[in-house]
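Everything below belongs to work-v4.cif, which stores mmCIF, C-alpha atoms.
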data_coords
loop_
_atom_site.label_atom_id
_atom_site.label_comp_id
_atom_site.auth_asym_id
_atom_site.auth_seq_id
_atom_site.Cartn_x
_atom_site.Cartn_y
_atom_site.Cartn_z
CA GLN A 1 0.00 0.00 0.00
CA VAL A 2 1.31 3.41 -1.00
CA PRO A 3 1.85 5.29 2.26
CA LEU A 4 0.85 8.75 1.00
CA VAL A 5 -1.12 9.97 -2.02
CA GLU A 6 -1.69 13.62 -2.86
CA SER A 7 -4.55 14.96 -4.92
CA GLY A 8 -6.26 18.23 -5.72
CA GLY A 9 -3.66 20.05 -7.78
CA SER A 10 -4.91 22.08 -10.71
CA LEU A 11 -4.46 25.15 -12.87
CA VAL A 12 -6.12 28.17 -11.26
CA GLN A 13 -6.01 31.92 -11.60
CA SER A 14 -4.38 34.28 -9.16
CA GLY A 15 -6.64 34.90 -6.16
CA GLU A 16 -8.46 31.60 -6.41
CA SER A 17 -8.41 28.70 -3.94
CA LEU A 18 -7.50 25.02 -3.95
CA ASN A 19 -7.78 22.29 -1.35
CA LEU A 20 -5.08 19.65 -1.54
CA THR A 21 -5.62 16.24 0.03
CA CYS A 22 -3.04 13.82 1.37
CA THR A 23 -4.42 10.33 1.94
CA VAL A 24 -2.33 8.22 4.30
CA SER A 25 -2.30 4.65 5.52
CA PRO A 26 -4.62 3.82 8.42
CA ASP A 27 -3.36 4.75 11.88
CA THR A 28 -0.59 6.96 10.45
CA LEU A 29 -1.99 10.15 11.93
CA ASN A 30 -1.88 8.75 15.46
CA TYR A 31 1.87 8.25 15.35
CA HIS A 32 3.32 10.56 12.72
CA SER A 33 3.30 14.19 11.77
CA ILE A 34 2.40 15.02 8.19
CA GLY A 35 4.14 17.79 6.33
CA TRP A 36 3.35 19.61 3.13
CA PHE A 37 6.28 20.70 0.97
CA ARG A 38 6.51 22.29 -2.44
CA GLN A 39 9.10 22.51 -5.15
CA ALA A 40 8.99 25.05 -7.95
CA PRO A 41 11.01 24.55 -11.15
CA GLY A 42 14.67 25.32 -10.56
CA ARG A 43 14.17 25.92 -6.85
CA ALA A 44 14.87 23.97 -3.69
CA ARG A 45 12.10 22.13 -1.91
CA GLU A 46 10.35 24.36 0.60
CA GLY A 47 8.48 23.36 3.74
CA VAL A 48 4.95 24.75 3.73
CA SER A 49 3.05 23.37 6.69
CA CYS A 50 3.00 20.55 9.21
CA LEU A 51 0.30 18.93 11.31
CA SER A 52 0.39 16.45 14.14
CA LEU A 53 -3.03 15.23 15.16
CA GLY A 54 -1.47 13.16 17.91
CA THR A 55 0.15 16.13 19.66
CA GLY A 56 -1.77 19.10 18.29
CA SER A 57 1.44 20.74 17.11
CA THR A 58 1.49 22.64 13.85
CA TYR A 59 3.78 24.74 11.67
CA THR A 60 3.06 27.13 8.82
CA ALA A 61 5.70 28.92 6.77
CA ASP A 62 5.68 32.71 6.82
CA SER A 63 5.36 32.74 3.04
CA VAL A 64 1.87 31.23 3.24
CA LYS A 65 0.71 32.23 6.69
CA GLY A 66 -2.75 33.75 6.58
CA ARG A 67 -3.49 32.14 3.22
CA PHE A 68 -2.90 28.40 3.73
CA THR A 69 -4.49 26.26 6.44
CA ILE A 70 -3.60 22.68 7.31
CA SER A 71 -6.12 20.32 8.86
CA GLY A 72 -6.71 16.61 9.23
CA ASP A 73 -9.35 13.94 9.65
CA ASN A 74 -8.09 10.89 11.50
CA ALA A 75 -11.19 8.85 10.71
CA LYS A 76 -10.66 9.40 6.99
CA ASN A 77 -6.87 9.12 7.10
CA THR A 78 -6.51 12.45 5.34
CA VAL A 79 -4.66 15.72 5.77
CA PHE A 80 -5.77 18.79 3.88
CA LEU A 81 -4.01 21.92 2.75
CA GLN A 82 -6.53 24.66 2.08
CA MET A 83 -4.88 27.29 -0.10
CA ASN A 84 -6.59 30.63 -0.50
CA SER A 85 -5.60 33.82 -2.30
CA LEU A 86 -3.20 31.90 -4.50
CA LYS A 87 -0.37 33.76 -6.17
CA PRO A 88 1.74 32.87 -9.21
CA GLU A 89 4.69 32.29 -6.88
CA ASP A 90 2.72 29.44 -5.27
CA THR A 91 3.15 27.48 -8.50
CA ALA A 92 4.94 24.24 -7.64
CA VAL A 93 4.62 20.52 -7.20
CA TYR A 94 3.18 19.97 -3.74
CA PHE A 95 4.21 16.90 -1.76
CA CYS A 96 2.99 15.47 1.51
CA ALA A 97 5.34 13.48 3.67
CA ARG A 98 5.23 11.37 6.81
CA GLY A 99 7.38 12.48 9.70
CA PHE A 100 9.69 10.11 11.52
CA GLY A 101 8.16 11.38 14.74
CA ARG A 102 4.87 12.70 16.05
CA TRP A 103 5.75 16.36 16.54
CA CYS A 104 5.81 19.42 14.32
CA SER A 105 8.27 22.09 15.30
CA SER A 106 6.70 25.50 15.64
CA ARG A 107 9.88 27.13 14.29
CA TYR A 108 10.93 25.16 11.21
CA LEU A 109 10.01 22.41 8.79
CA MET A 110 12.87 20.32 7.40
CA ASP A 111 12.46 17.63 4.79
CA THR A 112 15.12 15.53 6.52
CA ASP A 113 12.63 14.95 9.35
CA PHE A 114 10.31 13.11 6.96
CA GLY A 115 10.81 9.59 5.70
CA ALA A 116 8.01 8.70 3.29
CA TRP A 117 6.83 10.89 0.46
CA GLY A 118 3.94 11.02 -1.95
CA GLN A 119 4.36 11.43 -5.68
CA GLY A 120 3.26 15.08 -5.66
CA THR A 121 0.44 17.07 -7.17
CA LEU A 122 0.96 20.02 -9.50
CA VAL A 123 -0.44 23.44 -8.71
CA ILE A 124 -0.20 26.15 -11.36
CA VAL A 125 -1.36 29.66 -10.58
CA SER A 126 -1.70 31.92 -13.60
CA SER A 127 -1.53 35.69 -13.31
#

Rewrite the structure of this file - the entire thing - as structure tokens.
Amino acid sequence: QVPLVESGGSLVQSGESLNLTCTVSPDTLNYHSIGWFRQAPGRAREGVSCLSLGTGSTYTADSVKGRFTISGDNAKNTVFLQMNSLKPEDTAVYFCARGFGRWCSSRYLMDTDFGAWGQGTLVIVSS
């Protein structure tokens, strides 16, 4: 079973919204944090947001704070990334990943803290 699967990416116009979904294996959310990352062409992977349903800890990058909201549903084994007021600079492949541990740091989000990754979903924001 694939541990994480992203969906919801699309082509949208600036100012519009998208809701990305990360579907995980059963019981994952009790024991692991889930992070959302993105990678734009020619740029390094960037941590966007993190959620731990087991501990209640979260992280959101300054670049998306106030526009993106992470949430989860343990019963449905899903984590969502609600993205509002999208900008062209949000264009990227978005990945969700399973943390080695249960916690999200409130100060940073590093991809080296995550051990399993989805295949990514493409978000394109046109101006």

Identify, on the basis of all atoms listed in the file, every residue whose closest approach to Met83 (chain A) does not exceed 8 Å; exclude the query and any residue fewer than 2 positions from it along the same chain; express the result as a list in words.
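Once the adjacent positions are removed, what remains is Ser17, Leu18, Asn19, Leu20, Arg67, Phe68, Thr69, Leu81, Ser85 and Leu86 of chain A.
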
Determine the residue set returned by the PyMOL selection byres ((chain A and resi 55-63) around 12) for the present structure, and present it as a PyMOL selection string.
chain A and resi 29-38+46-54+64-72+81-83+86-87+89-90+101-110

Could those selected residues go to a file with C-alpha atoms, as a short mmCIF file (atom, residue, chain, number, x, y, z; two decimals), keeping the file's coordinate frame?
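Writing done, so here's out.cif:
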data_model
loop_
_atom_site.label_atom_id
_atom_site.label_comp_id
_atom_site.auth_asym_id
_atom_site.auth_seq_id
_atom_site.Cartn_x
_atom_site.Cartn_y
_atom_site.Cartn_z
CA LEU A 29 -1.99 10.15 11.93
CA ASN A 30 -1.88 8.75 15.46
CA TYR A 31 1.87 8.25 15.35
CA HIS A 32 3.32 10.56 12.72
CA SER A 33 3.30 14.19 11.77
CA ILE A 34 2.40 15.02 8.19
CA GLY A 35 4.14 17.79 6.33
CA TRP A 36 3.35 19.61 3.13
CA PHE A 37 6.28 20.70 0.97
CA ARG A 38 6.51 22.29 -2.44
CA GLU A 46 10.35 24.36 0.60
CA GLY A 47 8.48 23.36 3.74
CA VAL A 48 4.95 24.75 3.73
CA SER A 49 3.05 23.37 6.69
CA CYS A 50 3.00 20.55 9.21
CA LEU A 51 0.30 18.93 11.31
CA SER A 52 0.39 16.45 14.14
CA LEU A 53 -3.03 15.23 15.16
CA GLY A 54 -1.47 13.16 17.91
CA VAL A 64 1.87 31.23 3.24
CA LYS A 65 0.71 32.23 6.69
CA GLY A 66 -2.75 33.75 6.58
CA ARG A 67 -3.49 32.14 3.22
CA PHE A 68 -2.90 28.40 3.73
CA THR A 69 -4.49 26.26 6.44
CA ILE A 70 -3.60 22.68 7.31
CA SER A 71 -6.12 20.32 8.86
CA GLY A 72 -6.71 16.61 9.23
CA LEU A 81 -4.01 21.92 2.75
CA GLN A 82 -6.53 24.66 2.08
CA MET A 83 -4.88 27.29 -0.10
CA LEU A 86 -3.20 31.90 -4.50
CA LYS A 87 -0.37 33.76 -6.17
CA GLU A 89 4.69 32.29 -6.88
CA ASP A 90 2.72 29.44 -5.27
CA GLY A 101 8.16 11.38 14.74
CA ARG A 102 4.87 12.70 16.05
CA TRP A 103 5.75 16.36 16.54
CA CYS A 104 5.81 19.42 14.32
CA SER A 105 8.27 22.09 15.30
CA SER A 106 6.70 25.50 15.64
CA ARG A 107 9.88 27.13 14.29
CA TYR A 108 10.93 25.16 11.21
CA LEU A 109 10.01 22.41 8.79
CA MET A 110 12.87 20.32 7.40
#

Report, as AutoDock Vina command-line options, the axis-aligned box around all atoms of region 112-125 of chain A present in the file, extended by 6 Å on each side; give centre and edge lengths in Å to one decimal place.
--center_x 6.9 --center_y 19.2 --center_z -1.0 --size_x 28.5 --size_y 33.0 --size_z 32.7

Report as an MDAnalysis selection string the residues that result from applying the PyMOL selection byres ((chain A and resi 115-126) around 7) to the structure here.
chainID A and resid 4:14 86:88 90:100 113:114 127

Quote the spacing between CA of Gln39 (chain A) and CA of Thr112 (chain A) in Å to one decimal place.
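Interatomic distance, CA of Gln39 (chain A) to CA of Thr112 (chain A): 14.9 Å.
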
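Counting from CA of Thr21 (chain A), the distance to CA of Val2 (chain A) is 14.6 Å.
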
Give me, as a list in words, all polymer residues having an atom no more than 9 Å from region 75-77 of chain A, counting all atoms listed in the file and skipping those fewer than 2 positions away in the same chain.
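In the requested form, the answer reads Cys22, Thr23, Val24, Ser25, Pro26, Asp27, Thr28, Leu29, Gly72, Asp73 and Val79 of chain A.
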